[in-house]
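Enquirer: So that we are looking at the same thing, I have put the structure below in structure tokens.
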Amino acid sequence: MKKSNLSKKEVIHLAKLAGLNLTDKEIEDIRKKLSETLNYVDNLNQLNTESVIPTSQTTDLVNIFFQDREKNTRGLKPEEALNNSKNKKNNYFIVKRIL
Amino acid sequence: MKLLGLTLLELKSLVETKKISSKELFEYFLKRIKKYNPKLNGYLTVCDYPRNNIAAGRLVGIPIAVKDNYCTKGIRTTASSKVLDDFIPPYESTVTQKLLNEGMIIMGKANMDAWAHGASTETSDYGVTKNPWDTTRYPGGSSGGTAAIISSYLAPAGLGTDTGGSIRHPASWCGIVGLKPSYGRSSRYGLVAMGSSFDCPGPMGTSVEDISLLLQIFAGKDPYDATTVNIKVPNYLKEIKLNKKIRIGVAEEYFDGVDEGIKLNVNRAIKIFTKMGHEIKKVRLIHPKFSISVYTILQRAEVSSNLSRFDGVRYANNRTFFEKEAKKRIMLGTYTLSHGYYDAYYKHAQKIRTLIVNDFKRIFSEVDLVIGPNTPVTALKIGEFKKYPFFGELMDQLNEPASVAGIPAISIPIGLDKNNLPVGLQIMGKYFNEETILNLAYQFERETEFFGVIKKGVERYK
């Protein structure tokens, strides 16, 4: 059974991907806890999944569409949509400069 | 007039026959909340007046506690996270809208584990909710606020969500009734998303009839949630009263690692079902320990994806407001979805998910329902959470198989352990066959009155 041990470097990289700011203490704490969790879930290797198709959801539903000309009764007015934003101007959300 | 402990249906009758007004009923619960909520911390937001003017419907005048991950238009919704500290939803979730259409009054928003991450309500950014049975203990989670509120009668019923056991677990630890419907039975539109292939809105209350009525009202296909199914919603109130004899499966795998006090109560319940004429059959099922792994991987992956929308741009505070548990889960999810690990973890877990789905499909050709303990232990002392790397998922181990498979399951109170703490029984059923689960639960309720557990709990908050 392979033992999972995440490195500090890997944790820092993941934090960047996830858009999270972590302190050094948090990085170490998460590194330990993540490794423990990954070791536990290793028990899945005990089960045979040869030629098993993955399940992504359990309802057997396929291709459900919202009809094109159906009325959208739940649209939001601009003021409603922007109401909770802390950075807005003239019905626009303000974001960081991209270019 | 004594109102303490009356069911939703009993209160409804009083309102309909004008023995009490909606306003008086609201004031009654508001008074109790002012008295007991500061200690219990069940509610995060309490409405100061009834905000629904609908005069005709099946829930007119009835106050309901709503878990704080349902978007309620105009009423602060936080999912117990400081990220959403001042978020006021501009729209209503489908489930709460359907109840509002019947005259329901939102009493307030109930505390929970932040983002529903947990089984203790301790990860709430607004403080833990106390278990009304012993305020040094957890109420369970993540719908711990709703469960504690109902158990101490600060509302006659409420809404929770169940992703990996979050309705059933606190229902068990607080000694009330809580149902996780089939995935796809009711709409997730307007729910703060946790695990999109697991999340189920569900009813919690003090009687099987009450939660059957709530489910009947809010279940059904929603054009705004593509994962809701087009299966007719039965008349649950009628179905639960049918005199059914049921084939009940018992799987020994679900008794592994369970406290003796819980096993005692479960075995007593099994004897009662036998006495009532139901057939009890020993069955074999995949061990729950595999569901823990499947659920941990898939849920945390979906969480990392769902929480990526909280960038602080369009609404809410930015990502620095996430607390420890959320960060941990986002990190694990990101790892299992990242390049080089996706196949080994995420895809692999999805294959095991298929095995678990098929395992239940097989068993439900032999029996109608499977029963067993709902939790491995009764309510733990506040602080125990820190000892485990993935506390939530370990506590919910007996609930996760049903979540992974998407089948419905209920927790009903069946007694107390030697510490005077409630014990729950889990009843799992076939896809979209909630009526058989509710039928058996109702039969048990009629036969035993849940051994007075609910009544005893409410009386502690006279």
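Labels used: A, B, ... for chains in the order of the structure tokens, numbers from 1 for residues in each chain, and numbers from 1 for ligands as shown.
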Residues within 12 Å of Ile27 of chain A, please, as a count of residues only. Count only C-alpha atoms; anything in the same chain fewer than 4 positions from it doesn't count.

Expert: 23

Enquirer: I need the chain B residues near chain A as a count of residues only; criterion: at most 8 Å, counting only C-alpha atoms.

Expert: 48

Enquirer: If you run DSSP on the backbone, which residues of chain A are strand (DSSP E or B), as a ChimeraX atom specification?

Expert: /A:88-89,92-93

Enquirer: For a quick check of understanding, using only C-alpha atoms, which of B:Glu459, B:Asp359, B:Glu253, B:Glu445 has the smallest distance to Pro373 of chain B?

Expert: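 Checking each candidate against Pro373 of chain B, we get B:Glu253 as the closest.
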
Enquirer: Run DSSP on the backbone and give me the residues of segment 2-45 of chain A it puts in alpha helix (DSSP H), as a PyMOL selection string.

Expert: chain A and resi 8-17+24-41

Enquirer: Excluding Leu159 of chain B and its own-chain neighbours fewer than 4 positions away, which residues fall within 8 Å of it when counting only C-alpha atoms? Please give them as a list in words.

Expert: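 My list of contacting residues is Ile64, Ala65, Val66, Lys67, Thr146, Pro201, Gly202, Pro203 and Met204 of chain B.
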
Enquirer: Take the residues that were just selected and, keeping N, CA, C and O atoms, output them as a short mmCIF file (atom, residue, chain, number, x, y, z; two decimals), in the first residue's frame.

Expert:
data_model
loop_
_atom_site.label_atom_id
_atom_site.label_comp_id
_atom_site.auth_asym_id
_atom_site.auth_seq_id
_atom_site.Cartn_x
_atom_site.Cartn_y
_atom_site.Cartn_z
N ILE B 64 -41.45 27.94 10.19
CA ILE B 64 -40.50 26.89 9.86
C ILE B 64 -39.08 27.44 10.00
O ILE B 64 -38.81 28.57 9.61
N ALA B 65 -38.18 26.64 10.57
CA ALA B 65 -36.77 27.02 10.65
C ALA B 65 -36.10 26.58 9.36
O ALA B 65 -36.24 25.43 8.95
N VAL B 66 -35.36 27.48 8.71
CA VAL B 66 -34.73 27.16 7.44
C VAL B 66 -33.21 27.18 7.59
O VAL B 66 -32.63 28.18 7.98
N LYS B 67 -32.59 26.07 7.25
CA LYS B 67 -31.12 25.99 7.34
C LYS B 67 -30.51 27.12 6.51
O LYS B 67 -31.02 27.44 5.42
N THR B 146 -30.97 23.41 12.77
CA THR B 146 -32.36 23.00 12.55
C THR B 146 -32.75 21.91 13.54
O THR B 146 -33.83 21.96 14.14
N PRO B 201 -32.13 18.60 -0.52
CA PRO B 201 -32.91 19.32 0.48
C PRO B 201 -33.88 18.35 1.13
O PRO B 201 -34.40 17.45 0.46
N GLY B 202 -34.14 18.49 2.45
CA GLY B 202 -35.04 17.54 3.09
C GLY B 202 -35.71 18.11 4.33
O GLY B 202 -35.24 19.09 4.91
N PRO B 203 -36.83 17.48 4.74
CA PRO B 203 -37.62 17.97 5.87
C PRO B 203 -37.15 17.36 7.20
O PRO B 203 -36.69 16.21 7.24
N MET B 204 -37.31 18.16 8.29
CA MET B 204 -36.98 17.67 9.62
C MET B 204 -38.13 18.06 10.53
O MET B 204 -38.70 19.16 10.38
#

Enquirer: Compile the contact shell of Met194 of chain B as a ChimeraX atom specification: residues with an atom at most 12 Å away, counting only C-alpha atoms, same-chain residues fewer than 2 positions apart removed.

Expert: /B:69-70,79,113-118,142,161-164,166,188,190-192,196-201,298-309,326,329-330,333

Enquirer: Determine, counting only C-alpha atoms, which protein, DNA and RNA residues have an atom within 9 Å of an atom of Gly249 of chain B; residues of the same chain fewer than 4 positions away are not included. Present the result as a ChimeraX atom specification.

Expert: /B:279-284,363-364,366-372

Enquirer: Could those selected residues go to a file with N, CA and C atoms, as a PDB file, in the first residue's frame?

Expert:
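And here's selection_15.pdb as it stands now:
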ATOM      1  N   GLU B 279     -41.190  -8.970   7.715  1.00  0.00           N
ATOM      2  CA  GLU B 279     -40.173 -10.001   7.548  1.00  0.00           C
ATOM      3  C   GLU B 279     -38.796  -9.378   7.683  1.00  0.00           C
ATOM      4  N   ILE B 280     -37.976  -9.906   8.585  1.00  0.00           N
ATOM      5  CA  ILE B 280     -36.603  -9.416   8.746  1.00  0.00           C
ATOM      6  C   ILE B 280     -35.661 -10.396   8.060  1.00  0.00           C
ATOM      7  N   LYS B 281     -34.793  -9.883   7.188  1.00  0.00           N
ATOM      8  CA  LYS B 281     -33.900 -10.768   6.430  1.00  0.00           C
ATOM      9  C   LYS B 281     -32.454 -10.299   6.549  1.00  0.00           C
ATOM     10  N   LYS B 282     -31.556 -11.234   6.827  1.00  0.00           N
ATOM     11  CA  LYS B 282     -30.120 -10.873   6.869  1.00  0.00           C
ATOM     12  C   LYS B 282     -29.649 -10.661   5.433  1.00  0.00           C
ATOM     13  N   VAL B 283     -28.966  -9.524   5.207  1.00  0.00           N
ATOM     14  CA  VAL B 283     -28.424  -9.263   3.872  1.00  0.00           C
ATOM     15  C   VAL B 283     -26.956  -8.870   3.967  1.00  0.00           C
ATOM     16  N   ARG B 284     -26.246  -8.954   2.822  1.00  0.00           N
ATOM     17  CA  ARG B 284     -24.849  -8.526   2.793  1.00  0.00           C
ATOM     18  C   ARG B 284     -24.757  -7.288   1.907  1.00  0.00           C
ATOM     19  N   ILE B 363     -29.762  -5.426  -3.787  1.00  0.00           N
ATOM     20  CA  ILE B 363     -30.409  -5.725  -2.505  1.00  0.00           C
ATOM     21  C   ILE B 363     -31.896  -5.387  -2.519  1.00  0.00           C
ATOM     22  N   PHE B 364     -32.271  -4.348  -3.273  1.00  0.00           N
ATOM     23  CA  PHE B 364     -33.671  -3.944  -3.289  1.00  0.00           C
ATOM     24  C   PHE B 364     -34.529  -4.790  -4.221  1.00  0.00           C
ATOM     25  N   GLU B 366     -34.347  -7.977  -3.328  1.00  0.00           N
ATOM     26  CA  GLU B 366     -34.589  -9.005  -2.312  1.00  0.00           C
ATOM     27  C   GLU B 366     -35.436  -8.473  -1.155  1.00  0.00           C
ATOM     28  N   VAL B 367     -35.226  -7.200  -0.810  1.00  0.00           N
ATOM     29  CA  VAL B 367     -35.979  -6.584   0.298  1.00  0.00           C
ATOM     30  C   VAL B 367     -36.498  -5.224  -0.145  1.00  0.00           C
ATOM     31  N   ASP B 368     -37.438  -4.658   0.656  1.00  0.00           N
ATOM     32  CA  ASP B 368     -37.989  -3.335   0.317  1.00  0.00           C
ATOM     33  C   ASP B 368     -37.195  -2.219   0.974  1.00  0.00           C
ATOM     34  N   LEU B 369     -36.687  -2.504   2.186  1.00  0.00           N
ATOM     35  CA  LEU B 369     -35.965  -1.502   2.956  1.00  0.00           C
ATOM     36  C   LEU B 369     -34.773  -2.158   3.645  1.00  0.00           C
ATOM     37  N   VAL B 370     -33.766  -1.348   4.000  1.00  0.00           N
ATOM     38  CA  VAL B 370     -32.653  -1.835   4.823  1.00  0.00           C
ATOM     39  C   VAL B 370     -32.570  -0.931   6.051  1.00  0.00           C
ATOM     40  N   ILE B 371     -32.531  -1.547   7.244  1.00  0.00           N
ATOM     41  CA  ILE B 371     -32.459  -0.733   8.463  1.00  0.00           C
ATOM     42  C   ILE B 371     -31.160  -1.027   9.216  1.00  0.00           C
ATOM     43  N   GLY B 372     -30.794  -0.089  10.092  1.00  0.00           N
ATOM     44  CA  GLY B 372     -29.594  -0.271  10.894  1.00  0.00           C
ATOM     45  C   GLY B 372     -29.334   0.960  11.731  1.00  0.00           C
TER      46      GLY B 372
END

Enquirer: Fewer than 5 positions away in the same chain doesn't count, so skip those; otherwise give me all residues within 9 Å of Thr206 of chain B, counting only C-alpha atoms, as number ranges by chain.

Expert: B: 5-8, 150-151, 156-157, 175-178, 211, 454-455

Enquirer: Could you write out that same residue set with N, CA and C atoms as a PDB file, in the first residue's frame?

Expert:
ATOM      1  N   GLY B   5     -44.898  21.407  22.099  1.00  0.00           N
ATOM      2  CA  GLY B   5     -44.776  20.060  21.562  1.00  0.00           C
ATOM      3  C   GLY B   5     -45.820  19.671  20.542  1.00  0.00           C
ATOM      4  N   LEU B   6     -46.756  20.575  20.218  1.00  0.00           N
ATOM      5  CA  LEU B   6     -47.751  20.218  19.211  1.00  0.00           C
ATOM      6  C   LEU B   6     -47.075  20.069  17.851  1.00  0.00           C
ATOM      7  N   THR B   7     -47.560  19.106  17.052  1.00  0.00           N
ATOM      8  CA  THR B   7     -46.978  18.898  15.731  1.00  0.00           C
ATOM      9  C   THR B   7     -47.446  20.005  14.785  1.00  0.00           C
ATOM     10  N   LEU B   8     -46.804  20.066  13.636  1.00  0.00           N
ATOM     11  CA  LEU B   8     -47.168  21.036  12.613  1.00  0.00           C
ATOM     12  C   LEU B   8     -48.638  20.870  12.227  1.00  0.00           C
ATOM     13  N   ILE B 150     -35.680  22.249  16.532  1.00  0.00           N
ATOM     14  CA  ILE B 150     -36.876  21.411  16.583  1.00  0.00           C
ATOM     15  C   ILE B 150     -36.915  20.642  17.894  1.00  0.00           C
ATOM     16  N   SER B 151     -35.753  20.122  18.312  1.00  0.00           N
ATOM     17  CA  SER B 151     -35.695  19.324  19.533  1.00  0.00           C
ATOM     18  C   SER B 151     -36.095  20.139  20.762  1.00  0.00           C
ATOM     19  N   PRO B 156     -41.784  24.172  14.999  1.00  0.00           N
ATOM     20  CA  PRO B 156     -42.359  22.824  14.977  1.00  0.00           C
ATOM     21  C   PRO B 156     -41.751  21.925  13.908  1.00  0.00           C
ATOM     22  N   ALA B 157     -41.062  22.524  12.946  1.00  0.00           N
ATOM     23  CA  ALA B 157     -40.461  21.739  11.867  1.00  0.00           C
ATOM     24  C   ALA B 157     -39.435  22.604  11.153  1.00  0.00           C
ATOM     25  N   GLY B 175     -32.496  13.563  18.561  1.00  0.00           N
ATOM     26  CA  GLY B 175     -33.715  12.808  18.821  1.00  0.00           C
ATOM     27  C   GLY B 175     -34.956  13.295  18.106  1.00  0.00           C
ATOM     28  N   ILE B 176     -34.838  13.621  16.818  1.00  0.00           N
ATOM     29  CA  ILE B 176     -36.018  14.019  16.031  1.00  0.00           C
ATOM     30  C   ILE B 176     -36.041  13.217  14.734  1.00  0.00           C
ATOM     31  N   VAL B 177     -37.007  13.524  13.859  1.00  0.00           N
ATOM     32  CA  VAL B 177     -37.139  12.805  12.596  1.00  0.00           C
ATOM     33  C   VAL B 177     -36.516  13.638  11.474  1.00  0.00           C
ATOM     34  N   GLY B 178     -35.703  13.021  10.634  1.00  0.00           N
ATOM     35  CA  GLY B 178     -35.112  13.746   9.510  1.00  0.00           C
ATOM     36  C   GLY B 178     -34.976  12.842   8.299  1.00  0.00           C
ATOM     37  N   ILE B 211     -43.307  15.622   8.314  1.00  0.00           N
ATOM     38  CA  ILE B 211     -42.285  15.669   7.266  1.00  0.00           C
ATOM     39  C   ILE B 211     -42.827  15.117   5.954  1.00  0.00           C
ATOM     40  N   ILE B 454     -39.029  12.255  21.678  1.00  0.00           N
ATOM     41  CA  ILE B 454     -39.262  13.630  21.228  1.00  0.00           C
ATOM     42  C   ILE B 454     -39.960  14.431  22.321  1.00  0.00           C
ATOM     43  N   LYS B 455     -40.964  13.816  22.910  1.00  0.00           N
ATOM     44  CA  LYS B 455     -41.731  14.485  23.962  1.00  0.00           C
ATOM     45  C   LYS B 455     -40.808  14.858  25.128  1.00  0.00           C
TER      46      LYS B 455
END

Enquirer: Between atom CA of Gly415 of chain B and atom CA of Phe450 of chain B, what is the distance, to one decimal in Å?

Expert: 6.8 Å

Enquirer: For Ile286 of chain B, which residue among B:Asp85, B:Glu252, B:Glu384, B:Asp134 is the nearest when counting only C-alpha atoms?

Expert: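 Closest residue, counting only C-alpha atoms: B:Glu252.
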
Enquirer: Quick one: pull the distance between atom CA of Ser120 of chain B and atom CA of Tyr254 of chain B, Å, one decimal.

Expert: 21.1 Å

Enquirer: Within 6 Å of Cys71 of chain B, counting only C-alpha atoms, which residues show up once you throw out same-chain ones fewer than 2 positions away? Write them as a VMD selection string, please.

Expert: chain B and resid 89 92 to 93 190

Enquirer: Hey, can you spit out that residue selection with C-alpha atoms as a compact mmCIF listing (two decimals), in the first residue's frame?

Expert:
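Produced file part.txt, reproduced below:
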# COMPACT_ATOMS: atom_id res chain seq x y z
CA PRO B 89 -30.16 36.80 -1.66
CA GLU B 92 -35.79 32.55 -3.37
CA SER B 93 -34.82 28.89 -3.50
CA GLY B 190 -31.18 28.28 -4.58
